[in-house]
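Listing of target.cif, mmCIF, C-alpha atoms
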```
data_entry
loop_
_atom_site.label_atom_id
_atom_site.label_comp_id
_atom_site.auth_asym_id
_atom_site.auth_seq_id
_atom_site.Cartn_x
_atom_site.Cartn_y
_atom_site.Cartn_z
CA MET A 30 0.33 8.03 -1.49
CA PRO A 31 -3.44 8.65 -1.38
CA PRO A 32 -5.48 6.02 0.41
CA LEU A 33 -6.18 3.16 -1.97
CA LEU A 34 -9.90 2.97 -1.31
CA PHE A 35 -10.38 6.69 -2.00
CA ARG A 36 -8.88 6.18 -5.43
CA LEU A 37 -11.04 3.12 -5.95
CA SER A 38 -14.24 4.94 -5.08
CA VAL A 39 -13.58 7.64 -7.65
CA ARG A 40 -12.70 5.14 -10.36
CA PHE A 41 -15.69 2.94 -9.58
CA LEU A 42 -18.27 5.72 -9.64
CA LEU A 43 -16.88 7.02 -12.92
CA THR A 44 -17.49 3.62 -14.52
CA LEU A 45 -21.25 3.67 -13.91
CA PRO A 46 -23.31 4.13 -17.07
CA LEU A 47 -25.25 7.39 -17.14
CA GLY A 48 -28.63 5.68 -17.06
CA LEU A 49 -27.59 3.44 -14.20
CA ALA A 50 -26.21 6.37 -12.23
CA MET A 51 -29.63 7.99 -12.48
CA VAL A 52 -31.24 4.77 -11.23
CA LEU A 53 -28.86 4.79 -8.28
CA GLY A 54 -29.79 8.37 -7.46
CA ARG A 55 -26.17 9.58 -7.80
CA GLY A 56 -25.00 7.21 -5.12
CA LYS A 57 -27.72 7.98 -2.54
CA TRP A 58 -29.75 4.99 -1.44
CA ASP A 59 -33.42 5.77 -1.03
CA PRO A 60 -35.28 2.74 0.45
CA ALA A 61 -38.68 4.10 -0.62
CA ARG A 62 -37.47 4.59 -4.16
CA ALA A 63 -35.88 1.15 -4.10
CA GLN A 64 -39.27 -0.40 -3.27
CA VAL A 65 -40.72 1.29 -6.35
CA LEU A 66 -37.81 0.13 -8.51
CA LEU A 67 -38.29 -3.44 -7.36
CA ARG A 68 -41.73 -3.44 -8.97
CA VAL A 69 -40.43 -2.16 -12.30
CA PRO A 70 -39.06 -4.94 -14.54
CA LEU A 71 -35.86 -3.97 -16.35
CA PRO A 72 -34.71 -5.87 -19.44
CA ASN A 73 -31.72 -8.21 -19.45
CA GLY A 74 -31.20 -8.27 -15.70
CA GLU A 75 -30.58 -4.53 -15.47
CA LEU A 76 -32.38 -4.39 -12.12
CA MET A 77 -30.02 -6.95 -10.60
CA ARG A 78 -27.07 -5.00 -11.96
CA ALA A 79 -28.41 -1.77 -10.52
CA GLN A 80 -28.89 -3.32 -7.11
CA GLY A 81 -25.47 -4.98 -7.21
CA LEU A 82 -23.69 -1.76 -8.13
CA GLN A 83 -25.62 0.13 -5.44
CA LEU A 84 -24.41 -2.39 -2.86
CA ALA A 85 -20.86 -1.93 -4.13
CA THR A 86 -21.17 1.85 -3.87
CA ASP A 87 -22.35 1.50 -0.27
CA ALA A 88 -19.50 -0.93 0.41
CA LEU A 89 -16.91 1.58 -0.80
CA ARG A 90 -18.24 4.21 1.57
CA LEU A 91 -18.07 1.73 4.46
CA ALA A 92 -14.53 0.76 3.52
CA GLN A 93 -13.43 4.39 3.44
CA PHE A 94 -14.56 4.70 7.06
CA GLY A 95 -12.68 1.56 8.09
CA GLN A 96 -15.68 -0.79 8.12
CA THR A 97 -13.98 -3.21 5.77
CA GLU A 98 -15.63 -6.41 6.99
CA GLU A 99 -19.14 -5.00 6.48
CA ALA A 100 -17.99 -3.64 3.12
CA LEU A 101 -16.80 -7.11 2.17
CA ARG A 102 -20.15 -8.66 3.06
CA ARG A 103 -21.99 -6.19 0.83
CA LEU A 104 -19.56 -6.75 -2.00
CA GLN A 105 -20.02 -10.51 -1.79
CA LEU A 106 -23.79 -10.00 -2.06
CA ALA A 107 -23.25 -7.64 -4.98
CA MET A 108 -21.11 -10.27 -6.72
CA ALA A 109 -23.91 -12.80 -6.31
CA MET A 110 -26.13 -10.39 -8.24
CA VAL A 111 -23.58 -9.42 -10.90
CA PRO A 112 -20.98 -12.23 -11.06
CA THR A 113 -19.35 -11.11 -14.32
CA SER A 114 -18.63 -7.46 -13.53
CA SER A 115 -14.94 -6.61 -13.78
CA GLU A 116 -15.59 -3.43 -11.79
CA LEU A 117 -17.06 -5.34 -8.85
CA LEU A 118 -14.33 -7.97 -8.96
CA TYR A 119 -11.76 -5.17 -8.95
CA VAL A 120 -13.28 -3.55 -5.87
CA LEU A 121 -13.76 -6.91 -4.13
CA GLY A 122 -10.13 -7.80 -4.75
CA ASN A 123 -8.92 -4.51 -3.31
CA VAL A 124 -11.02 -4.83 -0.17
CA HIS A 125 -9.53 -8.31 0.35
CA LEU A 126 -6.12 -6.74 -0.19
CA GLU A 127 -6.83 -4.12 2.48
CA LEU A 128 -7.80 -6.92 4.87
CA GLY A 129 -4.61 -8.88 4.13
CA ASP A 130 -6.47 -11.74 2.45
CA TYR A 131 -3.98 -11.99 -0.38
CA GLY A 132 -5.14 -15.30 -1.81
CA GLN A 133 -8.74 -14.14 -2.11
CA ALA A 134 -7.61 -10.76 -3.44
CA ILE A 135 -5.61 -12.46 -6.18
CA GLN A 136 -8.49 -14.79 -7.03
CA ALA A 137 -10.92 -11.88 -7.48
CA LEU A 138 -8.43 -9.75 -9.41
CA GLN A 139 -7.47 -12.62 -11.72
CA LYS A 140 -11.15 -12.97 -12.63
CA ALA A 141 -11.33 -9.22 -13.21
CA ARG A 142 -8.26 -9.40 -15.44
CA ALA A 143 -9.80 -12.20 -17.49
CA LEU A 144 -12.82 -9.96 -18.13
CA ALA A 145 -10.77 -6.80 -18.79
CA PRO A 146 -7.21 -7.83 -19.73
CA ASP A 147 -6.10 -4.31 -20.70
CA ASP A 148 -7.36 -2.51 -17.60
CA ALA A 149 -4.24 -0.96 -16.07
CA ASP A 150 -5.87 -0.40 -12.68
CA ILE A 151 -6.76 -4.08 -12.36
CA LEU A 152 -3.23 -5.06 -13.36
CA TYR A 153 -1.75 -2.64 -10.82
CA SER A 154 -3.86 -4.04 -8.00
CA LEU A 155 -3.17 -7.64 -9.02
CA GLY A 156 0.57 -6.96 -9.19
CA SER A 157 0.44 -5.33 -5.76
CA ALA A 158 -1.39 -8.38 -4.38
CA TYR A 159 1.24 -10.72 -5.83
CA LEU A 160 3.93 -8.55 -4.26
CA ARG A 161 2.30 -8.63 -0.84
CA GLN A 162 1.90 -12.40 -1.13
CA GLY A 163 5.58 -12.84 -1.98
CA SER A 164 5.04 -13.98 -5.59
CA TYR A 165 7.68 -11.63 -6.96
CA PHE A 166 8.04 -13.00 -10.50
CA ALA A 167 4.26 -12.83 -11.00
CA ALA A 168 4.25 -9.33 -9.49
CA ALA A 169 6.95 -8.14 -11.88
CA GLU A 170 5.23 -9.62 -14.93
CA THR A 171 1.86 -8.10 -14.03
CA LEU A 172 3.23 -4.70 -13.07
CA GLU A 173 5.33 -4.52 -16.24
CA ARG A 174 2.07 -4.85 -18.16
CA ALA A 175 0.44 -2.16 -16.01
CA VAL A 176 3.36 0.22 -16.63
CA ALA A 177 3.25 -0.50 -20.37
CA LEU A 178 -0.40 0.60 -20.37
CA GLN A 179 0.13 3.56 -18.02
CA PRO A 180 3.80 4.62 -18.22
CA ASP A 181 3.10 7.86 -16.34
CA ASN A 182 1.56 6.18 -13.27
CA PRO A 183 4.04 6.72 -10.38
CA ASN A 184 2.31 4.15 -8.16
CA ALA A 185 2.72 1.40 -10.75
CA ARG A 186 6.34 2.40 -11.35
CA PHE A 187 7.06 2.30 -7.63
CA GLN A 188 5.49 -1.12 -7.15
CA LEU A 189 7.38 -2.48 -10.16
CA GLY A 190 10.58 -1.19 -8.56
CA ASN A 191 9.62 -3.04 -5.38
CA ALA A 192 9.16 -6.29 -7.32
CA TYR A 193 12.59 -5.88 -8.90
CA LEU A 194 14.07 -5.08 -5.49
CA MET A 195 12.80 -8.35 -4.06
CA LEU A 196 14.19 -10.21 -7.08
CA ASP A 197 17.64 -8.65 -6.44
CA GLN A 198 17.45 -6.85 -9.78
CA TRP A 199 19.03 -3.78 -8.28
CA ASP A 200 19.60 -1.67 -11.41
CA ARG A 201 16.07 -2.22 -12.69
CA ALA A 202 14.65 -1.37 -9.27
CA ARG A 203 16.67 1.85 -9.14
CA GLN A 204 15.50 2.79 -12.65
CA GLU A 205 11.83 2.44 -11.68
CA TYR A 206 12.28 4.40 -8.45
CA GLU A 207 14.05 7.19 -10.31
CA LYS A 208 11.27 7.25 -12.90
CA THR A 209 8.75 7.46 -10.05
CA LEU A 210 10.52 10.55 -8.73
CA GLU A 211 10.58 12.11 -12.19
CA LEU A 212 6.81 11.69 -12.35
CA ASP A 213 6.26 12.80 -8.74
CA PRO A 214 9.21 14.58 -7.06
CA ALA A 215 7.43 14.40 -3.67
CA TYR A 216 7.16 10.60 -3.73
CA TRP A 217 9.36 10.00 -0.69
CA PRO A 218 9.01 6.16 -0.57
CA ALA A 219 10.84 5.97 -3.89
CA MET A 220 13.72 8.05 -2.52
CA ASN A 221 13.78 5.87 0.59
CA ASN A 222 13.90 2.66 -1.44
CA ILE A 223 16.75 3.86 -3.61
CA GLY A 224 18.61 3.97 -0.29
CA LEU A 225 17.67 0.33 0.27
CA VAL A 226 19.20 -0.53 -3.10
CA ASP A 227 22.36 1.47 -2.37
CA TYR A 228 22.84 -0.22 0.99
CA GLU A 229 22.48 -3.74 -0.38
CA GLN A 230 24.95 -2.88 -3.12
CA GLY A 231 27.46 -1.72 -0.51
CA ASP A 232 27.34 2.00 -1.28
CA LEU A 233 27.02 3.30 2.29
CA GLU A 234 27.56 6.97 1.47
CA ALA A 235 24.92 7.00 -1.27
CA ALA A 236 22.42 5.27 1.04
CA ILE A 237 23.02 7.86 3.77
CA GLU A 238 22.49 10.69 1.31
CA ARG A 239 19.23 9.13 0.06
CA TRP A 240 17.82 8.69 3.57
CA GLU A 241 18.79 12.22 4.57
CA ARG A 242 16.91 13.49 1.52
CA THR A 243 13.93 11.26 2.38
CA ILE A 244 13.73 12.84 5.85
CA GLU A 245 13.79 16.29 4.22
CA MET A 246 10.82 15.19 2.13
CA ASN A 247 8.88 13.72 5.08
CA GLU A 248 9.98 14.25 8.68
CA ALA A 249 7.09 12.33 10.21
CA VAL A 250 7.85 8.72 9.23
CA ALA A 251 10.07 6.35 11.18
CA GLU A 252 11.60 4.24 8.42
CA PRO A 253 14.20 6.63 6.96
CA TYR A 254 15.35 7.65 10.46
CA LEU A 255 15.98 4.02 11.43
CA ALA A 256 17.66 3.19 8.12
CA LEU A 257 19.86 6.29 8.35
CA ALA A 258 20.71 5.51 11.97
CA THR A 259 21.78 2.00 10.99
CA ALA A 260 24.04 3.27 8.22
CA LEU A 261 25.60 5.90 10.49
CA TYR A 262 26.23 3.29 13.19
CA VAL A 263 28.05 1.12 10.66
CA ARG A 264 30.09 4.17 9.62
CA GLY A 265 31.09 4.70 13.25
CA GLU A 266 28.95 7.73 14.13
CA THR A 267 27.47 5.94 17.12
CA GLU A 268 26.18 8.95 19.06
CA ARG A 269 24.19 10.41 16.18
CA ALA A 270 23.07 6.92 15.14
CA GLU A 271 21.69 6.16 18.59
CA GLU A 272 19.93 9.53 18.69
CA LEU A 273 18.23 8.95 15.34
CA GLY A 274 17.45 5.33 16.17
CA ALA A 275 15.75 6.40 19.39
CA LYS A 276 13.74 8.99 17.47
CA ALA A 277 12.65 6.34 14.96
CA VAL A 278 11.26 3.95 17.56
CA ARG A 279 9.53 6.79 19.36
CA LEU A 280 7.81 7.74 16.11
CA ASP A 281 6.70 4.15 15.49
CA PRO A 282 7.68 1.34 17.88
CA SER A 283 6.57 -1.29 15.37
CA TYR A 284 9.69 -0.58 13.32
CA ALA A 285 11.74 -2.36 15.96
CA ARG A 286 10.15 -5.64 14.78
CA LEU A 287 12.00 -7.42 12.00
CA GLU A 288 8.79 -8.69 10.40
CA VAL A 289 7.64 -5.08 9.93
CA LEU A 290 10.95 -4.19 8.33
CA ARG A 291 10.68 -7.19 6.00
CA GLU A 292 7.19 -6.06 5.01
CA ASN A 293 8.80 -2.74 4.09
CA LEU A 294 11.26 -4.60 1.84
CA TRP A 295 14.37 -4.34 3.99
CA ARG A 296 16.88 -6.88 2.75
CA GLU A 297 19.58 -9.03 4.31
CA ASN A 298 22.40 -6.54 4.91
CA LEU A 299 20.24 -3.84 6.43
CA LEU A 300 18.24 -6.34 8.50
CA ARG A 301 21.47 -7.76 9.91
CA ASP A 302 22.92 -4.39 10.82
CA VAL A 303 19.79 -2.83 12.32
CA GLN A 304 19.66 -5.54 14.96
CA ILE A 305 22.94 -4.28 16.40
CA LEU A 306 21.57 -0.74 16.61
CA LEU A 307 18.33 -1.87 18.25
CA ARG A 308 20.30 -3.51 21.07
CA THR A 309 22.12 -0.32 22.01
CA ARG A 310 21.04 1.16 25.33
CA PRO A 311 19.60 4.52 24.11
CA VAL A 312 17.49 2.86 21.41
CA ALA A 313 16.33 0.03 23.67
CA GLU A 314 15.31 2.50 26.40
CA ALA A 315 13.46 4.71 23.90
CA LEU A 316 11.64 1.67 22.60
CA GLN A 317 10.64 0.58 26.09
CA GLN A 318 9.32 4.06 26.92
CA ALA A 319 7.44 4.29 23.63
CA ALA A 320 5.83 0.91 24.26
CA ILE A 321 4.69 2.02 27.74
CA GLU A 322 3.22 5.25 26.35
CA GLN A 323 1.46 3.37 23.56
CA PHE A 324 -0.03 0.91 26.06
CA ASN A 325 -1.21 3.71 28.34
CA GLN A 326 -2.81 5.48 25.40
CA GLN A 327 -4.63 2.33 24.32
CA MET A 328 -5.89 1.80 27.87
CA GLY A 329 -6.97 5.41 28.23
CA LEU A 330 -4.35 6.13 30.86
CA GLY A 331 -2.96 9.30 29.36
CA LYS A 332 -1.65 12.19 31.36
CA GLU A 333 -4.20 14.26 33.26
#
```

As structure tokens:
Amino acid sequence: MPPLLFRLSVRFLLTLPLGLAMVLGRGKWDPARAQVLLRVPLPNGELMRAQGLQLATDALRLAQFGQTEEALRRLQLAMAMVPTSSELLYVLGNVHLELGDYGQAIQALQKARALAPDDADILYSLGSAYLRQGSYFAAAETLERAVALQPDNPNARFQLGNAYLMLDQWDRARQEYEKTLELDPAYWPAMNNIGLVDYEQGDLEAAIERWERTIEMNEAVAEPYLALATALYVRGETERAEELGAKAVRLDPSYARLEVLRENLWRENLLRDVQILLRTRPVAEALQQAAIEQFNQQMGLGKE
């Protein structure tokens, strides 16, 4: 999926009124020009709005380069200038979401929704925040509304499937994932998550097929390798399972942590079975070596 903040920046800039975009100099902040503007009174608080939206534009650029905390500070100042802008509340909520501040993200996005109840992008972000927070019923309700407004949005469909998955509504989750793939055949997370549904429903062969197809779609991510390895280990193909499990933890050692797997919506059966695989000698040794290499890289101790 494209980075969230890139999508936000495009949406946000497109919402600027033409006259205001000219005031902002097409997104380029000119301090000298700003000093002139400060001396020109604009009716109905338009100057404050212009300054607030300029700060938000700058904040989006900072966020795109990973400077999310500074972006958040500028957005908070922008909100002080324009407290009733659904666009600013939307961006503020998404920056909080990027930072993992789910409560504050939901608070901002709820305010945005109150101002623009039929904005599908706001609903999508709010539903995603509920999902990350663990409020699955609220996530499903909000994302259902987003999908009703934008039925051809694969991201909204995928997130709605995730909400159903966490509510154990397996058939509804599968339906949304399949619809996601109809809209975007390259959307590998949907293929991967159909495997999660198959596994929890006890269909081992279907899950294996899904994860093999996911790897064909994207060979660079650890999750489908580890899920496939777990299923193969349960089926008795221990040698291949250990090989794939070792490859998974070399690709991303964090996937050996159960909390990371839970964040990726792994459920009870798969979480139980992966722990057996992770304790096997080949996988444990690969994990240890990957951790050492990761530490050396962080400390600047790479190979000469």

*Using the chain letters and numbers from the file, give me the residues hit by the PyMOL selection byres ((chain A and resi 210-223) around 7), as a count of residues only.*
18

_I want to know what sits within 7 Å of Ala85 (chain A), based on all atoms listed in the file, with residues of the same chain fewer than 6 positions away left out; could you give that as a VMD selection string?_
chain A and resid 103 to 104 107 117

*Identify, on the basis of only C-alpha atoms, every residue whose closest approach to Ala143 (chain A) does not exceed 12 Å; exclude the query and any residue fewer than 5 positions from it along the same chain; express the result as a ChimeraX atom specification.*
/A:113-116,118-119,136-138,148,151-152,155

*asked:* Please list as a list in words every residue within 12 Å of Arg102 (chain A), counting only C-alpha atoms and excluding residues in the same chain fewer than 5 positions away.
replied: Leu84, Ala85, Asp87, Ala88, Leu89, Leu91, Ala92, Gln96, Thr97, Ala107, Met108, Ala109, Leu121, Val124 and His125 of chain A

Could you tell me which residues the PyMOL selection byres ((chain A and resi 188) around 9) grabs in this file, written as a compact mmCIF listing (two decimals) with C-alpha atoms, in the coordinates of the input?
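Listing of expr-v2.txt after writing:
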```
# COMPACT_ATOMS: atom_id res chain seq x y z
CA TYR A 153 -1.75 -2.64 -10.82
CA GLY A 156 0.57 -6.96 -9.19
CA SER A 157 0.44 -5.33 -5.76
CA LEU A 160 3.93 -8.55 -4.26
CA ALA A 168 4.25 -9.33 -9.49
CA ALA A 169 6.95 -8.14 -11.88
CA LEU A 172 3.23 -4.70 -13.07
CA PRO A 183 4.04 6.72 -10.38
CA ASN A 184 2.31 4.15 -8.16
CA ALA A 185 2.72 1.40 -10.75
CA ARG A 186 6.34 2.40 -11.35
CA PHE A 187 7.06 2.30 -7.63
CA LEU A 189 7.38 -2.48 -10.16
CA GLY A 190 10.58 -1.19 -8.56
CA ASN A 191 9.62 -3.04 -5.38
CA ALA A 192 9.16 -6.29 -7.32
CA TYR A 193 12.59 -5.88 -8.90
CA GLU A 205 11.83 2.44 -11.68
CA TYR A 206 12.28 4.40 -8.45
```

Using all atoms listed in the file, which residues sit within 12 Å of region 268-273 of chain A once same-chain residues fewer than 6 positions away are excluded, as a compact mmCIF listing (two decimals) with C-alpha atoms, in the coordinates of the input?
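File written: result_20.txt
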```
# COMPACT_ATOMS: atom_id res chain seq x y z
CA ILE A 237 23.02 7.86 3.77
CA TRP A 240 17.82 8.69 3.57
CA GLU A 241 18.79 12.22 4.57
CA ILE A 244 13.73 12.84 5.85
CA GLU A 248 9.98 14.25 8.68
CA ALA A 251 10.07 6.35 11.18
CA GLU A 252 11.60 4.24 8.42
CA PRO A 253 14.20 6.63 6.96
CA TYR A 254 15.35 7.65 10.46
CA LEU A 255 15.98 4.02 11.43
CA ALA A 256 17.66 3.19 8.12
CA LEU A 257 19.86 6.29 8.35
CA ALA A 258 20.71 5.51 11.97
CA THR A 259 21.78 2.00 10.99
CA ALA A 260 24.04 3.27 8.22
CA LEU A 261 25.60 5.90 10.49
CA TYR A 262 26.23 3.29 13.19
CA ARG A 279 9.53 6.79 19.36
CA LEU A 280 7.81 7.74 16.11
CA VAL A 303 19.79 -2.83 12.32
CA ILE A 305 22.94 -4.28 16.40
CA LEU A 306 21.57 -0.74 16.61
CA LEU A 307 18.33 -1.87 18.25
CA ARG A 308 20.30 -3.51 21.07
CA THR A 309 22.12 -0.32 22.01
CA ARG A 310 21.04 1.16 25.33
CA PRO A 311 19.60 4.52 24.11
CA VAL A 312 17.49 2.86 21.41
CA ALA A 313 16.33 0.03 23.67
CA GLU A 314 15.31 2.50 26.40
CA ALA A 315 13.46 4.71 23.90
CA LEU A 316 11.64 1.67 22.60
```

*asked:* Just checking: using all atoms listed in the file, which residue out of A:Ile135, A:Ala145, A:Val263, A:Ala319 ends up closest to Tyr284 (chain A)?
replied: A:Ala319
